[in-house]
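Step one of this worksheet: look at the structure below.
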Amino acid sequence: MPAPVPPNLEEPRRVSNAYIPVFMLRHIRAWIVLILIYVLPPILRGEAREAAITTESGFSISFLSLVFIAAGGIVGIILLFSFLSYRRIRWYIAGTDVRIQKGILRRVDKRIPISKIQSIDMTESLPERIFRVATIKIDTPGGEGDDGKIPCVSKQTAAVFRDRIFQIKHTGAESTGGISPAMPAMPTASAGFAGSDNTIYRLPVKNLILTGISNAKTIVFAFIIMSAASQFSDVISDLFLHGSNVYDDIGDYIVHLALPVIVLLAAAFFLISWAISVLAVMASNYGFTVRNAGVKIEVEKGLLSHKTISIEKNRIQDVRIRQGFIRRLIGYAEICVTTATLNMKTRSDSRNSDEVLGITTIHPFIPLKEADYFLRRLLPEFDGAPTDFEALPKRADFRYMRRYFLWALFLVILSWLIVSLIVSSATGAALLHYVTGHIGLVLAISLPILAFFTLTGHRAWRGGGLCRNESFLSLRKGAYGREFAYVPRRKIQTAAHTGNPFQRRAGLATLGGTTAARAFPRLRDVERGEAEAYLEWAVTKIRS
Amino acid sequence: MRTEPTEKLNPRARSLWRIHAAIATAIAGAVLIVPAALLFRGDLAPLWPVAAGISVTIALFLIFVVFLPAIRYKRWRYRISDDEIAIRRGILIVTHTVVPMIKIQYTDTMHGPIMRALHLAAVRIMTAGGTESIPGLPPEEADEMRDRITRLVKTVKENI
């Protein structure tokens with residue numbers, strides 16, 4: 001790569017002209033999904049060729065040409081909008097501010113004081129990766145949201161921009177003699193993008209595969225596949241079942257199949273869902289790299305859409321170590337940090353629930369016994385969180401089991417009601433008759449479910465635990481998996497315990513509280529006295 | 001055991017909650033009764049949906065307007081000490097919350113039209129983790145409390 005002339009960031013700049021295709025690709029993608037769902041089935045069914053709209057005056061237009069005209073119109077409008085919004089975007093460093101101007105109708109002229117900037121992240125969506133550009137995301141304590149984003153900047157310019165910002169921020173802080181304690185650790189500015197030597201972990205391919213296998217969200221993908229399939233049910237019925245209603249036919253079909261075949265079909269379906277979800281997890285964690293950049297942690301990951309996330313260490317509110325069931329079996333865990341994100345706007349564009357809560361994974365797959373060492377190296381301020389968890393009181397065991405049992409009972413009764421409504425006619429007497437007539441079957445299916453949930457309750461009780469020392473609250477939760485949360489006392493904003501009438505009578509309480517990243521995990525049924533002591537602990541001043 | 005908070009809200013807080021609940025109940029009642037009444041055509045459609053709507057509305061009124069505000073008022077306690085604000089509230093599920101003085105970012109007083117009519121105000125206490133509020137205080141008392149909290153916060157922050 002030839003040494004480029006450093007870009008002049010002090011004058012209003014446009015973004016890369018790749019903005020236009022990137023914008024179009026991003027918006028057309030949504031339309032493609034719509035077209036697939038609503039237009040493809042009639043075309044496949046062969047109805048589309050004959051279908052036509054005829055007006056009274058005799059003008060006739062076929063369905064297909066209508067689709068093409070509409071598609072052309074949509075593409076035209078998107079092109080126009082992408083061009084207009086491309087023309088409106090200007091960004092530059094205006095003295096001590098970063099200035100961003102954009103918007104077609106709702107015009108934004110944003111000035112972000114450089115001294116307030118907390119992080120500059122770089123994300124590349126798939127279209128952006130194709131054109132080798134990135135979105136710069138500027139964040140401040142107040143949260144900047146979409147207005148703080150500069151889309152489609154070439155990667156070199158983005159790196160230069162970031163270096164410059166931290167350079168200005170650094171010198172600015174020195175001259176006012178401000179936040180100096182953190183400053184010696186200030187990274188050489190190019191640390192993030194250049195992939196320099198402060199990398200402390202890079203996920204190897206073997207572990208990437210294991211991450212995928214042990215973190216797969218099969219159920220979610222099973223639902224996605226099912227809902228997609230339901231959109232195409234009439235096509236499937238046309239192709240394979242010659243036009244009759246697919247649900248009736250499948251119903252008939254299944255009734256005549258032997259049980260092993262049904263089980264095999266279900267297993268195959270879940271296997272496919274599972275495989276897809278494994279691939280999805282692998283793609284999003286591909287090339288997972290953690291860097292220790294002094295006051296910041298930088299995480300880089302992603303195959304299709306590539307993300308660089310930087311987390312300011314003093315914004316971290318709590319640390320969580322999580323193990324799913326499979327990971328617990330093999331002794332591995334995931335380490336996450338929760339960061340303060342005040343503005344809900346910054347969360348609106350992310351679909352991932354962890355992102356919504358401000359949770360970022362800083363290590364996707366680590367042996368549990370190495371987690372402490374890793375944390376100590378990356379986040380020394382979290383060293384010293386106690387792990388001598390105290391179990392929940394014995395009388396809480398019954399309450400946990402009862403809670404899970406009652407939930408399961410509710411669900412079981414509800415599902416039997418639905419089943420008997422479907423099978424028998426909808427009168428109350430018939431329902432009762434159905435259930436009493438099949439009492440053996442009903443019990444054979446319900447009892448194991450209830451037993452399983454009760455056992456889960458018992459395990460959740462065993463999994464619960466807490467401990468405190470001078471500066472940390474440590475919580476442990478989970479029935480089959482485990483989640484450990486370490487909350488520093490100085491990050492706790494409010495502390496609370498709650499109790500319903502039964503808990504109050506048993507002398508128990510649910511322990512909770514908030515940090516700047518909102519609520520941390522609540523732990524049910526701790527001793528009331530312990531909960532009171534926790535409140536006292538939370539408000540006592542830390543002597544330094 | 002920590003000592004329980006002792007200060008009570010102004011008794012007019014009950015009226016405030018009652019008015020809020022009455023408005024909500026009126027809307028719920030309208031949603032329940034009006035469609036049923038519109039469908040009622042002498043002997044063509046039965047009258048029982050209207051009757052059911054009215055009785056549900058009355059039940060809601062009794063629960064949410066008559067009883068719950070009284071219980072909530074009885075339970076609501078707070079205490080402002082040198083280094084914390086403690087709040088106890090809740091009807092079935094009782095919540096004890098403490099806010100360390102040092103975590104308070106700012107406080108303000110707030111009053112809506114209904115609160116103004118009742119000569120009441122609320123003190124809101126903002127932390128980075130969210131907002132706590134003490135509703136149902138006479139405006140002068142609320143202003144005084146807000147200033148007192150501000151002073152306490154300042155003292156605590158200076159001592160660190």
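Residue numbering restarts at 1 for every chain of the structure tokens, chains are lettered A, B, ... in their displayed order, and ligands are numbered from 1 as they appear.
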
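Within 10 Å of range 48-56 of chain B, once only C-alpha atoms are used and residues closer than 6 positions along the same chain are dropped, the contacting residues are Thr25, Ala28, Gly29, Ala30, Val31, Leu32, Ile33, Val34, Pro35, Ala36, Ala37, Leu38, Leu39, Phe40 and Leu62 of chain B.
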
Contact residues around Ile19 in chain B with only C-alpha atoms at 12 Å, ignoring same-chain residues under 2 positions, as number ranges by chain
B: 12-17, 21-26, 61, 64-66, 69, 113-115, 117-118

Write out as JSON lines a residue-level contact list of chain A versus chain B with cut-off 8 Å: for each qualifying residue the closest pair of atoms and the distance in Å to one decimal, counting only C-alpha atoms, rows sorted by chain and residue number upward.
{"residue": "A:Leu342", "atom": "CA", "partner": "B:Ala128", "partner_atom": "CA", "distance": 7.8}
{"residue": "A:Gln493", "atom": "CA", "partner": "B:Gly129", "partner_atom": "CA", "distance": 5.6}
{"residue": "A:Thr494", "atom": "CA", "partner": "B:Val99", "partner_atom": "CA", "distance": 4.6}
{"residue": "A:Ala495", "atom": "CA", "partner": "B:Val98", "partner_atom": "CA", "distance": 5.3}
{"residue": "A:Ala496", "atom": "CA", "partner": "B:Thr97", "partner_atom": "CA", "distance": 4.1}
{"residue": "A:His497", "atom": "CA", "partner": "B:His96", "partner_atom": "CA", "distance": 5.3}
{"residue": "A:Thr498", "atom": "CA", "partner": "B:Thr95", "partner_atom": "CA", "distance": 4.1}
{"residue": "A:Gly499", "atom": "CA", "partner": "B:Ile93", "partner_atom": "CA", "distance": 5.3}
{"residue": "A:Asn500", "atom": "CA", "partner": "B:Ile93", "partner_atom": "CA", "distance": 4.1}
{"residue": "A:Pro501", "atom": "CA", "partner": "B:Leu92", "partner_atom": "CA", "distance": 6.2}
{"residue": "A:Thr514", "atom": "CA", "partner": "B:Gly129", "partner_atom": "CA", "distance": 5.4}
{"residue": "A:Thr515", "atom": "CA", "partner": "B:Gly129", "partner_atom": "CA", "distance": 4.9}
{"residue": "A:Ala516", "atom": "CA", "partner": "B:Gly129", "partner_atom": "CA", "distance": 4.1}
{"residue": "A:Ala517", "atom": "CA", "partner": "B:Gly129", "partner_atom": "CA", "distance": 6.4}
{"residue": "A:Arg518", "atom": "CA", "partner": "B:Gly129", "partner_atom": "CA", "distance": 5.1}
{"residue": "A:Ala519", "atom": "CA", "partner": "B:Gly129", "partner_atom": "CA", "distance": 7.6}
{"residue": "A:Gly529", "atom": "CA", "partner": "B:Met1", "partner_atom": "CA", "distance": 6.4}
{"residue": "A:Glu532", "atom": "CA", "partner": "B:Arg2", "partner_atom": "CA", "distance": 6.2}
{"residue": "A:Ala533", "atom": "CA", "partner": "B:Met1", "partner_atom": "CA", "distance": 7.4}
{"residue": "A:Leu535", "atom": "CA", "partner": "B:Val98", "partner_atom": "CA", "distance": 6.5}
{"residue": "A:Glu536", "atom": "CA", "partner": "B:Arg2", "partner_atom": "CA", "distance": 7.4}
{"residue": "A:Ala538", "atom": "CA", "partner": "B:Pro100", "partner_atom": "CA", "distance": 7.2}
{"residue": "A:Val539", "atom": "CA", "partner": "B:Pro100", "partner_atom": "CA", "distance": 4.8}
{"residue": "A:Thr540", "atom": "CA", "partner": "B:Asp83", "partner_atom": "CA", "distance": 7.9}

Expected file: the selected residues, C-alpha atoms, as a compact mmCIF listing (two decimals), in the first residue's frame:
# COMPACT_ATOMS: atom_id res chain seq x y z
CA LEU A 342 -27.28 6.19 29.11
CA GLN A 493 -26.09 3.51 42.23
CA THR A 494 -29.06 2.21 44.18
CA ALA A 495 -29.43 -0.92 46.23
CA ALA A 496 -32.75 -2.57 46.95
CA HIS A 497 -34.38 -5.66 48.31
CA THR A 498 -37.97 -6.67 47.72
CA GLY A 499 -40.21 -9.24 49.30
CA ASN A 500 -43.64 -10.60 48.50
CA PRO A 501 -45.87 -11.61 51.43
CA THR A 514 -28.77 -0.70 39.71
CA THR A 515 -25.51 0.48 38.28
CA ALA A 516 -25.13 3.08 35.56
CA ALA A 517 -25.79 0.20 33.16
CA ARG A 518 -29.18 -0.31 34.80
CA ALA A 519 -30.12 -3.38 36.79
CA GLY A 529 -30.79 -10.11 57.41
CA GLU A 532 -30.47 -5.61 55.10
CA ALA A 533 -26.71 -5.89 55.59
CA LEU A 535 -28.20 -2.20 51.87
CA GLU A 536 -26.04 -0.97 54.74
CA ALA A 538 -23.96 -0.31 49.72
CA VAL A 539 -24.29 3.09 51.39
CA THR A 540 -21.28 2.96 53.70

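In this structure, CA of Thr338 in chain A sits 9.1 Å away from CA of Phe520 in chain A.
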